[in-house]
$ cat data.cif   # mmCIF, C-alpha atoms
data_work
loop_
_atom_site.group_PDB
_atom_site.id
_atom_site.type_symbol
_atom_site.label_atom_id
_atom_site.label_comp_id
_atom_site.auth_asym_id
_atom_site.auth_seq_id
_atom_site.Cartn_x
_atom_site.Cartn_y
_atom_site.Cartn_z
ATOM 1 C CA MET A 1066 10.928 8.477 -8.602
ATOM 2 C CA ASN A 1067 10.645 9.151 -4.895
ATOM 3 C CA VAL A 1068 13.420 8.919 -2.314
ATOM 4 C CA ALA A 1069 12.897 5.892 -0.045
ATOM 5 C CA PHE A 1070 12.286 6.283 3.668
ATOM 6 C CA PRO A 1071 14.337 5.851 5.697
ATOM 7 C CA PHE A 1072 17.047 7.319 3.500
ATOM 8 C CA ARG A 1073 19.603 4.707 2.482
ATOM 9 C CA VAL A 1074 22.172 3.901 -0.159
ATOM 10 C CA PRO A 1075 21.998 0.292 -1.423
ATOM 11 C CA GLY A 1076 24.911 -1.664 -2.897
ATOM 12 C CA ASP A 1077 24.773 0.140 -6.257
ATOM 13 C CA GLY A 1078 25.785 3.410 -4.559
ATOM 14 C CA ARG A 1079 22.664 5.310 -5.629
ATOM 15 C CA THR A 1080 19.970 6.746 -3.406
ATOM 16 C CA ALA A 1081 17.252 4.142 -2.752
ATOM 17 C CA THR A 1082 13.884 4.949 -4.330
ATOM 18 C CA ALA A 1083 10.288 3.970 -3.674
ATOM 19 C CA ASP A 1084 7.304 3.583 -5.989
ATOM 20 C CA ASP A 1085 4.346 5.948 -5.532
ATOM 21 C CA ASP A 1086 2.312 3.626 -3.279
ATOM 22 C CA ARG A 1087 5.259 2.968 -0.975
ATOM 23 C CA HIS A 1088 6.115 6.683 -0.939
ATOM 24 C CA ILE A 1089 2.586 7.555 0.218
ATOM 25 C CA LEU A 1090 2.823 4.971 3.006
ATOM 26 C CA ASP A 1091 6.229 6.375 4.000
ATOM 27 C CA LEU A 1092 4.784 9.904 4.121
ATOM 28 C CA ILE A 1093 1.898 8.780 6.331
ATOM 29 C CA GLU A 1094 4.341 7.078 8.701
ATOM 30 C CA GLN A 1095 6.505 10.187 8.878
ATOM 31 C CA ILE A 1096 3.480 12.374 9.646
ATOM 32 C CA VAL A 1097 2.301 9.997 12.371
ATOM 33 C CA PHE A 1098 5.656 9.837 14.168
ATOM 34 C CA THR A 1099 6.950 13.395 13.654
ATOM 35 C CA SER A 1100 6.167 16.237 16.032
ATOM 36 C CA ALA A 1101 5.358 19.641 14.598
ATOM 37 C CA GLY A 1102 8.486 21.790 14.659
ATOM 38 C CA GLU A 1103 10.821 18.808 14.414
ATOM 39 C CA ARG A 1104 11.614 19.306 10.719
ATOM 40 C CA VAL A 1105 13.846 22.160 9.620
ATOM 41 C CA ASN A 1106 12.042 24.468 7.152
ATOM 42 C CA ARG A 1107 8.761 22.533 7.625
ATOM 43 C CA PRO A 1108 7.500 23.685 11.028
ATOM 44 C CA THR A 1109 3.957 22.386 10.522
ATOM 45 C CA PHE A 1110 4.951 18.919 9.284
ATOM 46 C CA GLY A 1111 3.900 16.137 11.650
ATOM 47 C CA SER A 1112 1.073 15.354 14.021
ATOM 48 C CA GLY A 1113 2.568 15.300 17.517
ATOM 49 C CA LEU A 1114 0.837 12.019 18.373
ATOM 50 C CA LEU A 1115 3.793 10.602 20.269
ATOM 51 C CA GLN A 1116 3.213 13.213 22.966
ATOM 52 C CA LEU A 1117 -0.172 11.591 23.662
ATOM 53 C CA VAL A 1118 1.186 8.100 24.429
ATOM 54 C CA PHE A 1119 1.304 8.853 28.146
ATOM 55 C CA ALA A 1120 -1.869 10.959 28.303
ATOM 56 C CA ALA A 1121 -4.841 9.590 30.197
ATOM 57 C CA ASN A 1122 -6.809 7.208 28.016
ATOM 58 C CA SER A 1123 -10.281 8.631 27.451
ATOM 59 C CA PRO A 1124 -12.771 9.185 24.632
ATOM 60 C CA GLU A 1125 -11.793 12.872 24.601
ATOM 61 C CA VAL A 1126 -8.090 12.083 24.118
ATOM 62 C CA ALA A 1127 -8.936 9.557 21.377
ATOM 63 C CA SER A 1128 -11.069 12.172 19.582
ATOM 64 C CA ALA A 1129 -8.365 14.824 19.887
ATOM 65 C CA THR A 1130 -5.763 12.374 18.589
ATOM 66 C CA GLU A 1131 -7.892 11.444 15.608
ATOM 67 C CA TYR A 1132 -8.523 15.118 14.835
ATOM 68 C CA LEU A 1133 -4.801 15.977 15.031
ATOM 69 C CA LEU A 1134 -3.864 13.128 12.715
ATOM 70 C CA ARG A 1135 -6.685 13.731 10.239
ATOM 71 C CA SER A 1136 -5.871 17.436 9.899
ATOM 72 C CA SER A 1137 -2.143 16.790 9.533
ATOM 73 C CA LEU A 1138 -2.669 14.071 6.916
ATOM 74 C CA GLN A 1139 -5.110 16.276 5.034
ATOM 75 C CA GLN A 1140 -2.638 19.153 5.031
ATOM 76 C CA HIS A 1141 0.403 17.170 3.889
ATOM 77 C CA VAL A 1142 -0.902 14.311 1.715
ATOM 78 C CA GLY A 1143 -4.502 15.352 1.037
ATOM 79 C CA ASP A 1144 -3.661 15.874 -2.631
ATOM 80 C CA ARG A 1145 -2.686 12.174 -2.924
ATOM 81 C CA ILE A 1146 -5.153 10.341 -0.671
ATOM 82 C CA ASP A 1147 -8.708 10.467 0.622
ATOM 83 C CA ILE A 1148 -8.780 9.580 4.306
ATOM 84 C CA GLN A 1149 -11.610 7.163 4.974
ATOM 85 C CA GLU A 1150 -11.116 6.156 8.584
ATOM 86 C CA ILE A 1151 -8.662 6.685 11.413
ATOM 87 C CA GLY A 1152 -8.475 4.504 14.493
ATOM 88 C CA VAL A 1153 -6.421 5.318 17.561
ATOM 89 C CA LEU A 1154 -5.992 2.846 20.410
ATOM 90 C CA ALA A 1155 -3.860 3.605 23.466
ATOM 91 C CA GLU A 1156 -3.110 0.760 25.867
ATOM 92 C CA GLU A 1157 -0.630 1.499 28.637
ATOM 93 C CA SER A 1158 2.435 2.910 26.844
ATOM 94 C CA THR A 1159 1.529 1.522 23.413
ATOM 95 C CA LEU A 1160 -0.180 3.568 20.730
ATOM 96 C CA ARG A 1161 -1.789 1.733 17.771
ATOM 97 C CA ILE A 1162 -2.881 3.878 14.851
ATOM 98 C CA THR A 1163 -4.812 2.585 11.859
ATOM 99 C CA VAL A 1164 -5.371 4.738 8.786
ATOM 100 C CA ALA A 1165 -7.707 3.598 6.011
ATOM 101 C CA TYR A 1166 -7.309 5.653 2.861
ATOM 102 C CA MET A 1167 -7.895 5.629 -0.879
ATOM 103 C CA VAL A 1168 -5.069 6.521 -3.243
ATOM 104 C CA LYS A 1169 -6.545 9.158 -5.558
ATOM 105 C CA ARG A 1170 -4.365 8.225 -8.532
ATOM 106 C CA THR A 1171 -5.415 4.556 -8.599
ATOM 107 C CA GLU A 1172 -8.622 4.635 -6.491
ATOM 108 C CA GLU A 1173 -7.262 1.687 -4.484
ATOM 109 C CA ARG A 1174 -8.225 1.366 -0.831
ATOM 110 C CA ARG A 1175 -5.364 0.752 1.592
ATOM 111 C CA VAL A 1176 -5.031 0.281 5.327
ATOM 112 C CA ALA A 1177 -1.873 1.122 7.253
ATOM 113 C CA THR A 1178 -1.269 0.262 10.923
ATOM 114 C CA PHE A 1179 1.484 1.807 13.023
ATOM 115 C CA VAL A 1180 2.463 0.792 16.532
ATOM 116 C CA ARG A 1181 4.744 2.721 18.851
#

$ encode --input "data.cif" --output "structure tokens"
Amino acid sequence: MNVAFPFRVPGDGRTATADDDRHILDLIEQIVFTSAGERVNRPTFGSGLLQLVFAANSPEVASATEYLLRSSLQQHVGDRIDIQEIGVLAEESTLRITVAYMVKRTEERRVATFVR
């Protein structure tokens, strides 16, 4: 079993767990919203996308953002998923990220959208 994200202890007093599909989604979310260097003992974990929220909106920034996210996802969860498509949309101070992926274990296609 996998530890649930965010970490919590439900009423039974045990650490909350997540099934494999939920765990993969949790990992993707953590990678999207974590800056490299933020995690102790995992200095490369994360994508640093939140730093781009206030960057000028341009095709170059969108391409750089997609590249950062794709490489980070490939590095940290590439053994569990195949990334099919990444969409990044920045409007004012809002960042919308869509990740389409296939879970290797089940060959199911999934789409996750994150807004910050």

$ resolve_selection --input "data.cif" --expression "the PyMOL selection byres ((chain A and resi 1174) around 12)" --output "ChimeraX atom specification"
/A:1086,1146-1150,1164-1173,1175-1177

$ atom_distance --input "data.cif" --atom1 "CA of Glu1094 in chain A" --atom2 "CA of Thr1163 in chain A"
10.7 Å

$ closest_residue --input "data.cif" --among "A:Gly1152, A:Gly1111, A:Gly1078, A:Gly1102" --to "Gln1140 in chain A" --atoms "all atoms listed in the file"
A:Gly1111

$ atom_distance --input "data.cif" --atom1 "CA of Phe1070 in chain A" --atom2 "CA of Ser1128 in chain A"
28.9 Å

$ closest_residue --input "data.cif" --among "A:Arg1161, A:His1088, A:Val1153, A:Val1074" --to "Glu1125 in chain A" --atoms "only C-alpha atoms"
A:Val1153

$ resolve_selection --input "data.cif" --expression "the PyMOL selection byres ((chain A and resi 1181) around 7)" --output "JSON, numbers by chain"
{"A": [1159, 1160, 1161, 1179, 1180]}

$ resolve_selection --input "data.cif" --expression "the PyMOL selection byres ((chain A and resi 1067) around 12)" --output "PyMOL selection string"
chain A and resi 1066+1068-1072+1080-1092
